[in-house]
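Working notes, structure below.
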Amino acid sequence: MAAASPPQSTGLLPAKSWRHFVAGGLGGMCGAIVTSPFDVVKTRLQSSLFQVNYVSLAGAGGSGGTLTATLPTRGLLWNFVETGHILRDIYRDESPRALFKGLGPSLVGVIPARSINFFAYGNGKQVIANNFNNGQENAWVHLGAAAQAGIVTSTATNPIWVIKTRLQLSASDHGTKVVGGSWNMIKTILRQEGIRGFYKGLSASYLGVTEGTIQWVLYEHLKKLTASVDGQGGATEWAGMLGSAGAAKCVASLITYPHEVIRTRLRQPLVNNVPKYTGLLQTLKLVIVEEGTRSLYGGLSAHLMRVIPNAAIMYSIYEAILRYGAAQDKLAV
């Protein structure tokens, strides 16, 4: 199936530019719901507050044995096994609902974040191409559109991600029930840290714009390659599109993952009303000194298990809605 031609512009933005907003939001919502348990595990493994609890998996078969002070050296495959153990332990020790901790604020964040990102990117690449590249898209156009979309999205949604991260970290070491709720968390952050508390990790989010930029550029390139396989569309092209979305996200995540850990640390709750992590470089140095470089990849297995299917779901829904809209436009002519 050939890619739909962009609608003609009726002003600064292309006609029916809102479709990118709706399609991105729906895709992000579906992906977030399906992969939420892996998001909880990833956040906990990235955080210094929970790492020590999960170290016991190595010596206690995942049953919460004696805590140790240092992380065991394990191979990549063990990381995937560890993720499964943690999912099981959360389900058993905290309840099945705990696997979806932070999903409320996550959806509140994901839907506008994906809507804004896909809207800014989908329309931005057309605006940039029309004004600076004679209406032709290329890798530089995709890169510029992805970068500006990432900056806009990060700035607009950072407070929501702070709340989500705090909620996912709100469980005691011994299974004590935590008073949760987004509204309580908002009040706690305001009381303890003020408005600035909602923008913790923003510098790391801006650093993470590189991930979205790499992902979009790779996706566009891989999608073009798969589209040439079957110009008439069909299962081959859709399978290629799913693979393109997953592969682009995998590569982008592997390249830029440490920023995720730094961002989570910056968003952790205060310890004795004092922030342990205060800035991008300070956090990077402190994590390396205290825990070693490996800690910059904490939660990577859970992250990949979440983001790859998430990207495939999100992009396929996004593309399907855009193509359905284009088909309806042709029928209306």
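Just so we're on the same page: first chain in the structure tokens is A, next is B, and so on; residues restart at 1 for each chain, and ligands are numbered from 1 in the order they show up.
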
Per residue of region 157-227 of chain A within 12 Å of region 306-317 of chain A, which atom pair is closest and at what distance in Å (one decimal), using only C-alpha atoms, listed by chain and increasing number, as a Markdown table?
```
| residue | atom | partner | partner_atom | distance |
| --- | --- | --- | --- | --- |
| A:Gly212 | CA | A:Ala311 | CA | 11.3 |
| A:Gln215 | CA | A:Ala311 | CA | 9.8 |
| A:Trp216 | CA | A:Tyr315 | CA | 10.6 |
| A:Tyr219 | CA | A:Tyr315 | CA | 9.5 |
| A:Glu220 | CA | A:Tyr315 | CA | 11.2 |
| A:Lys223 | CA | A:Tyr315 | CA | 10.9 |
```

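For the pair CA of Lys164 (chain A) and CA of Cys30 (chain A), the separation is 17.4 Å.
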
CA of Tyr277 (chain A) to CA of Ser36 (chain A), distance in Å rounded to a single decimal: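 Spanning CA of Tyr277 (chain A) to CA of Ser36 (chain A) is a straight-line distance of 25.9 Å.
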
If we count only C-alpha atoms and set the cut-off at 7 Å, which residues sit around region 130-146 of chain A, ignoring sequence neighbours fewer than 2 positions away in its own chain? Please answer as an mmCIF file with N, CA, C and O atoms, in the first residue's frame.
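Written output follows (around36.cif):
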```
data_model
loop_
_atom_site.group_PDB
_atom_site.id
_atom_site.type_symbol
_atom_site.label_atom_id
_atom_site.label_comp_id
_atom_site.auth_asym_id
_atom_site.auth_seq_id
_atom_site.Cartn_x
_atom_site.Cartn_y
_atom_site.Cartn_z
ATOM 1 N N TYR A 121 5.330 16.384 14.768
ATOM 2 C CA TYR A 121 6.206 15.749 13.776
ATOM 3 C C TYR A 121 5.516 15.610 12.418
ATOM 4 O O TYR A 121 6.058 15.999 11.382
ATOM 5 N N GLY A 124 4.997 19.007 11.136
ATOM 6 C CA GLY A 124 6.256 19.746 11.073
ATOM 7 C C GLY A 124 7.105 19.352 9.883
ATOM 8 O O GLY A 124 7.721 20.205 9.229
ATOM 9 N N LYS A 125 7.125 18.062 9.553
ATOM 10 C CA LYS A 125 7.967 17.644 8.420
ATOM 11 C C LYS A 125 7.424 18.199 7.107
ATOM 12 O O LYS A 125 8.202 18.518 6.196
ATOM 13 N N GLN A 126 6.093 18.344 7.026
ATOM 14 C CA GLN A 126 5.525 18.933 5.813
ATOM 15 C C GLN A 126 5.813 20.428 5.725
ATOM 16 O O GLN A 126 6.143 20.944 4.663
ATOM 17 N N VAL A 127 5.713 21.102 6.867
ATOM 18 C CA VAL A 127 5.995 22.536 6.887
ATOM 19 C C VAL A 127 7.462 22.795 6.550
ATOM 20 O O VAL A 127 7.788 23.682 5.736
ATOM 21 N N ILE A 128 8.355 22.019 7.162
ATOM 22 C CA ILE A 128 9.786 22.197 6.901
ATOM 23 C C ILE A 128 10.108 21.884 5.439
ATOM 24 O O ILE A 128 10.847 22.621 4.765
ATOM 25 N N GLN A 148 12.232 19.198 16.948
ATOM 26 C CA GLN A 148 11.322 20.227 17.478
ATOM 27 C C GLN A 148 10.109 19.584 18.136
ATOM 28 O O GLN A 148 9.603 20.068 19.138
ATOM 29 N N ALA A 149 9.655 18.447 17.614
ATOM 30 C CA ALA A 149 8.521 17.750 18.234
ATOM 31 C C ALA A 149 8.893 17.239 19.616
ATOM 32 O O ALA A 149 8.094 17.308 20.561
ATOM 33 N N GLY A 150 10.116 16.737 19.758
ATOM 34 C CA GLY A 150 10.565 16.232 21.046
ATOM 35 C C GLY A 150 10.681 17.321 22.099
ATOM 36 O O GLY A 150 10.299 17.120 23.264
ATOM 37 N N GLY A 212 14.033 10.209 20.437
ATOM 38 C CA GLY A 212 12.908 10.361 19.529
ATOM 39 C C GLY A 212 13.337 10.751 18.134
ATOM 40 O O GLY A 212 12.745 10.313 17.138
ATOM 41 N N THR A 213 14.382 11.563 18.062
ATOM 42 C CA THR A 213 14.890 11.989 16.757
ATOM 43 C C THR A 213 15.448 10.806 15.978
ATOM 44 O O THR A 213 15.123 10.600 14.798
ATOM 45 N N TRP A 216 12.484 8.470 14.868
ATOM 46 C CA TRP A 216 11.689 8.929 13.732
ATOM 47 C C TRP A 216 12.463 8.804 12.423
ATOM 48 O O TRP A 216 11.913 8.352 11.405
ATOM 49 N N VAL A 217 13.731 9.207 12.438
ATOM 50 C CA VAL A 217 14.528 9.158 11.204
ATOM 51 C C VAL A 217 14.693 7.709 10.739
ATOM 52 O O VAL A 217 14.534 7.397 9.553
#
```

Extract, using only C-alpha atoms, all DNA, RNA and protein residues at most 9 Å from Arg265 (chain A), discarding same-chain residues fewer than 2 positions from it, and format them as a PyMOL selection string. chain A and resi 46-48+201+260-263+267-269+276-277+283

With distances taken over only C-alpha atoms, which of A:Tyr297, A:Trp161, A:Trp18, A:Tyr324 is nearest to Ile255 (chain A)? A:Tyr297

Per DSSP on the backbone, filter region 113-331 of chain A down to the residues in helix (DSSP H, G or I) and report them as number ranges by chain. A: 113-132, 139-168, 182-193, 195-199, 202-207, 209-227, 235-256, 258-266, 280-291, 293-297, 300-331

Coordinates-based distance that separates CA of Leu254 (chain A) from CA of Thr153 (chain A) (Å, one decimal):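 Rounded to one decimal, the two atoms are 21.2 Å apart.
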
Distance criterion (only C-alpha atoms): nearest to Met185 (chain A) out of A:Leu280, A:Ser154, A:Gly102, A:Ala252: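 Nearest candidate to Met185 (chain A) out of A:Leu280, A:Ser154, A:Gly102, A:Ala252: A:Gly102.
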
I want to know what sits within 9 Å of Ile321 (chain A), based on only C-alpha atoms, with residues of the same chain fewer than 2 positions away left out; could you give that as a ChimeraX atom specification? /A:19-20,22-23,316-319,323-326

Given only C-alpha atoms as the basis, pick out the residue of A:Leu202, A:Leu107, A:Leu296, A:Ala129 nearest to Pro159 (chain A).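 Of A:Leu202, A:Leu107, A:Leu296, A:Ala129, the one nearest Pro159 (chain A) is A:Leu202, counting only C-alpha atoms.
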
Between A:Ala98, A:Pro258, A:Asn123, A:Ile151, which residue has the minimum interatomic distance to Ala15 (chain A), considering only C-alpha atoms?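 Of A:Ala98, A:Pro258, A:Asn123, A:Ile151, the one nearest Ala15 (chain A) is A:Asn123, counting only C-alpha atoms.
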
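Shortest separation to Gln192 (chain A) among A:Gly104, A:Gly31, A:Pro96, A:Pro275 occurs at residue A:Pro275, atoms counted being only C-alpha atoms.
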
So, counting only C-alpha atoms, which residue among A:Asn158, A:Ser182, A:Asn117, A:Ser244 is closest to Ser203 (chain A)?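 Looking at the shortest contact to Ser203 (chain A), the residue is A:Asn158.
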
Set the distance at 10 Å and use only C-alpha atoms: which residues neighbour region 40-45 of chain A once local chain neighbours fewer than 4 positions away are removed? I'd like the list as a PyMOL selection string. chain A and resi 35-36+49-54+82-84+86-87+90+98-103+164-171+260-261+264-265+295+297-306
